[in-house]
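Right, one structure below, let's go through it.
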Amino acid sequence: MTQTMPSVLVALLILNSFPGSGATQSNSNPLVRRYKEGEALTYHMKASNQDRTGTIRYEADAKGTAKKDGAGHFIEEFQWSGLSFNGQSVPLPATDSDFRQQLSLDPEVSPSVPDFSHVNPMLIGPSADLLTFYADLWLAIKQGTLVHSGDHVYVKHGTANSWADGARTLVGQDSIDFEITLSNVNSQDGTAKLAVRHVPPAQPQVKVPAKWMEAPVSDQPNNWVEVTKTGPGKYLGEVGKETFDVEMMVSLADGRILSATMDNPVMVSARECTDEAITDCGQPQHYQIRRQIELRLEH
């Protein structure tokens, strides 16, 4: 997948630190999920991930069932199938088909990242993207203040999130706030439209390792940085502005996600370097990393 994928995962881990208003289960909250034990739902996902070397496209199906966990809270347990990359079907070994992803829109169940160390790498992208949609809606529900069309809330975070593994990715950080808007509540067709933007804070808290990375790449301070080892004595330093624009349609009847889209661009300035400190580098290159995801409830 693209180089931005880890930042999606880490951003989700911070959500459980955000308090809501305590009114999340009120009947006035149009986003609340109303679970029925045993209900089944199937999503189809399409995605394109573009980086400096090319574009990867994938499609996959997630079939879920609502059930209660050990604490009595509702979760949705998904099994992935129908995976294809660049139009080619990807058969999943039996060990991978046993993978079950657990998600929930219950405000008492914080979003969590699966243990991907035991998951086929081909499933990491789809499952992380589905988690992003659920986590964004979960955060909106958690606020308890998004009731009428046009209601808006800005959730500050800003603290740098790291996805560096110390091996290939030596530095990996982003810094985001959340801007959430209940765009429309349509009682006639029974839907609510929600927009969640992951935006750069006024003062991002990422730490760049080299002086040349301090110059803003775009119209706002840089909130994304990555340094990767690309070969013996070869390093790639990247810095830029990252945003996520997520929109979704939610059922007023039961709170299920009916459809959703995500646009995740990163405006990048990069240099190929011969030292880990990213100081002995070539000329800058400018490009965009962009991930675009579509999700649709099939039934």
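Chain labels follow the order of the structure tokens: the first chain is A, the next B, and so on; residue numbering restarts at 1 in every chain, and ligands are counted from 1 in their shown order.
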
Please build the interface table for range 79-191 of chain A against range 263-276 of chain A with a cut-off of 12 Å, listing for each qualifying residue the nearest atom pair and the distance in Å to one decimal; count only C-alpha atoms, order rows by chain and increasing number, and write it as a tab-separated table.
```
residue	atom	partner	partner_atom	distance
A:Asp129	CA	A:Asn264	CA	10.8
A:Thr132	CA	A:Asn264	CA	11.3
A:Phe133	CA	A:Asp263	CA	11.7
A:Gly166	CA	A:Glu276	CA	11.6
A:Ala167	CA	A:Glu276	CA	11.8
A:Arg168	CA	A:Glu276	CA	11.4
A:Thr169	CA	A:Glu276	CA	11.0
A:Leu170	CA	A:Glu276	CA	8.4
A:Val171	CA	A:Glu276	CA	10.0
A:Asp174	CA	A:Val266	CA	10.7
```

Can you write out the residues you just picked, keeping C-alpha atoms, as a PDB file, in the first residue's frame?
```pdb
ATOM      1  CA  ASP A 129      -9.752   1.986   5.649  1.00  0.00           C
ATOM      2  CA  THR A 132     -11.136   4.848   9.514  1.00  0.00           C
ATOM      3  CA  PHE A 133     -14.787   5.238   8.514  1.00  0.00           C
ATOM      4  CA  GLY A 166      13.072   1.715  13.231  1.00  0.00           C
ATOM      5  CA  ALA A 167      13.939  -0.573  10.325  1.00  0.00           C
ATOM      6  CA  ARG A 168      12.632   0.716   7.004  1.00  0.00           C
ATOM      7  CA  THR A 169      10.691   3.700   8.351  1.00  0.00           C
ATOM      8  CA  LEU A 170      13.128   5.658  10.513  1.00  0.00           C
ATOM      9  CA  VAL A 171      10.895   8.688  11.035  1.00  0.00           C
ATOM     10  CA  ASP A 174       1.723  13.322  11.461  1.00  0.00           C
TER      11      ASP A 174
END
```

### Message
Would you pick out the contacts of Phe74 in chain A at 12 Å or less, using only C-alpha atoms, so that residues sharing its chain but fewer than 4 positions from it are not included, and give the list as a list of chain:residue names?
### Response
A:Arg33, A:Arg34, A:Tyr35, A:Lys36, A:Glu37, A:Gly38, A:Glu39, A:Thr65, A:Ala66, A:Lys67, A:Lys68, A:Asp69, A:Gly70, A:Gln102, A:Leu103, A:Ser104, A:Leu105, A:Asp106, A:Pro107, A:Glu108, A:Val109, A:Ser110

Residues from last step as file, C-alpha atoms, as a PDB file, in the first residue's frame:
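What follows is the written file result_14.pdb:
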```pdb
ATOM      1  CA  ARG A  33     -26.256   3.130  16.056  1.00  0.00           C
ATOM      2  CA  ARG A  34     -29.236   0.955  16.983  1.00  0.00           C
ATOM      3  CA  TYR A  35     -28.020  -2.613  16.913  1.00  0.00           C
ATOM      4  CA  LYS A  36     -30.035  -5.793  16.526  1.00  0.00           C
ATOM      5  CA  GLU A  37     -28.245  -8.941  17.569  1.00  0.00           C
ATOM      6  CA  GLY A  38     -27.581 -11.201  14.615  1.00  0.00           C
ATOM      7  CA  GLU A  39     -28.177  -8.555  11.917  1.00  0.00           C
ATOM      8  CA  THR A  65     -22.614  -9.725  11.812  1.00  0.00           C
ATOM      9  CA  ALA A  66     -23.717  -7.782  14.892  1.00  0.00           C
ATOM     10  CA  LYS A  67     -23.107  -9.536  18.209  1.00  0.00           C
ATOM     11  CA  LYS A  68     -22.269  -8.717  21.825  1.00  0.00           C
ATOM     12  CA  ASP A  69     -18.778  -8.830  23.261  1.00  0.00           C
ATOM     13  CA  GLY A  70     -17.809 -10.160  26.681  1.00  0.00           C
ATOM     14  CA  GLN A 102     -14.202  -6.301  15.085  1.00  0.00           C
ATOM     15  CA  LEU A 103     -15.629  -2.771  14.845  1.00  0.00           C
ATOM     16  CA  SER A 104     -18.249  -0.920  16.843  1.00  0.00           C
ATOM     17  CA  LEU A 105     -20.211   2.328  16.836  1.00  0.00           C
ATOM     18  CA  ASP A 106     -21.068   1.951  20.516  1.00  0.00           C
ATOM     19  CA  PRO A 107     -19.514   5.050  22.175  1.00  0.00           C
ATOM     20  CA  GLU A 108     -18.401   2.855  25.079  1.00  0.00           C
ATOM     21  CA  VAL A 109     -16.229   0.708  22.773  1.00  0.00           C
ATOM     22  CA  SER A 110     -13.101   2.614  21.737  1.00  0.00           C
TER      23      SER A 110
END
```

### Query
Nearest to Pro201 in chain A among A:Gly158, A:Gln188, A:Leu182, A:Tyr235, with distances taken over only C-alpha atoms: which residue is it?
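Among the listed residues, the smallest separation from Pro201 in chain A belongs to A:Gly158.
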
### Query
Within 10 Å of Val185 in chain A, counting only C-alpha atoms, which residues qualify if same-chain residues fewer than 4 places away don't, as a PyMOL selection string?
chain A and resi 30-31+147-150+189-194+249-252

### Atomic distance CA of Lys234 in chain A - CA of Pro216 in chain A, expressed in Å with one decimal
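Here the two named atoms are 24.3 Å from each other.
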
### Query
What separation in Å, quoted to one decimal, exists between CA of Tyr287 in chain A and CA of Asn49 in chain A?
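About the pair CA of Tyr287 in chain A and CA of Asn49 in chain A: they are 13.7 Å apart.
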
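Among the candidates A:Ile180, A:Val206, A:Val113, A:Met262, the residue lying nearest to Lys142 in chain A is A:Ile180 (atoms considered: only C-alpha atoms).
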
### Residue with smallest distance to Gly255 in chain A - pool A:Asn161, A:Asn29, A:Gln143, A:Gln50, counting only C-alpha atoms
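Comparing A:Asn161, A:Asn29, A:Gln143, A:Gln50 against Gly255 in chain A, the winner is A:Asn29.
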
### Query
Could you pull out all residues of range 117-241 of chain A with a DSSP call of helix (DSSP H, G or I) and give them as a ChimeraX atom specification?
/A:117-118,121-143,211-214

### Query
Between A:Ala277, A:Ala60, A:Val239, A:Leu139, which is the closest to Ile289 in chain A once you count only C-alpha atoms?
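Smallest distance to Ile289 in chain A is found for A:Val239.
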
### Message
For Asp51 in chain A, find every residue with an atom within 7 Å (counting only C-alpha atoms), except residues of its own chain fewer than 3 positions away, and show them as a list in words.
### Response
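Returned residues: Thr2, Gly54, Thr55, Gln288, Ile289 and Arg290 of chain A.
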
### Query
Of the residues A:Gln205, A:Gln88, A:Gly125, A:Gln220, which is the one nearest to Ile293 in chain A, using only C-alpha atoms?
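Smallest distance to Ile293 in chain A is found for A:Gly125.
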
### Exercise: Glu59 in chain A partners within 6 Å, only C-alpha atoms, chain neighbours under 3 positions left out, as number ranges by chain
A: 45-46, 83-84

May I have the residues from that selection written out with N, CA and C atoms, as a PDB file, in the first residue's frame?
```pdb
ATOM      1  N   MET A  45     -15.894  -2.274  -1.007  1.00  0.00           N
ATOM      2  CA  MET A  45     -14.937  -1.176  -0.954  1.00  0.00           C
ATOM      3  C   MET A  45     -14.113  -1.128  -2.236  1.00  0.00           C
ATOM      4  N   LYS A  46     -13.906   0.088  -2.733  1.00  0.00           N
ATOM      5  CA  LYS A  46     -13.023   0.329  -3.874  1.00  0.00           C
ATOM      6  C   LYS A  46     -12.023   1.409  -3.460  1.00  0.00           C
ATOM      7  N   LEU A  83     -11.220 -10.155  -2.638  1.00  0.00           N
ATOM      8  CA  LEU A  83     -10.126  -9.192  -2.745  1.00  0.00           C
ATOM      9  C   LEU A  83      -9.501  -9.228  -4.136  1.00  0.00           C
ATOM     10  N   SER A  84      -9.272  -8.040  -4.703  1.00  0.00           N
ATOM     11  CA  SER A  84      -8.563  -7.944  -5.984  1.00  0.00           C
ATOM     12  C   SER A  84      -7.651  -6.727  -5.954  1.00  0.00           C
TER      13      SER A  84
END
```
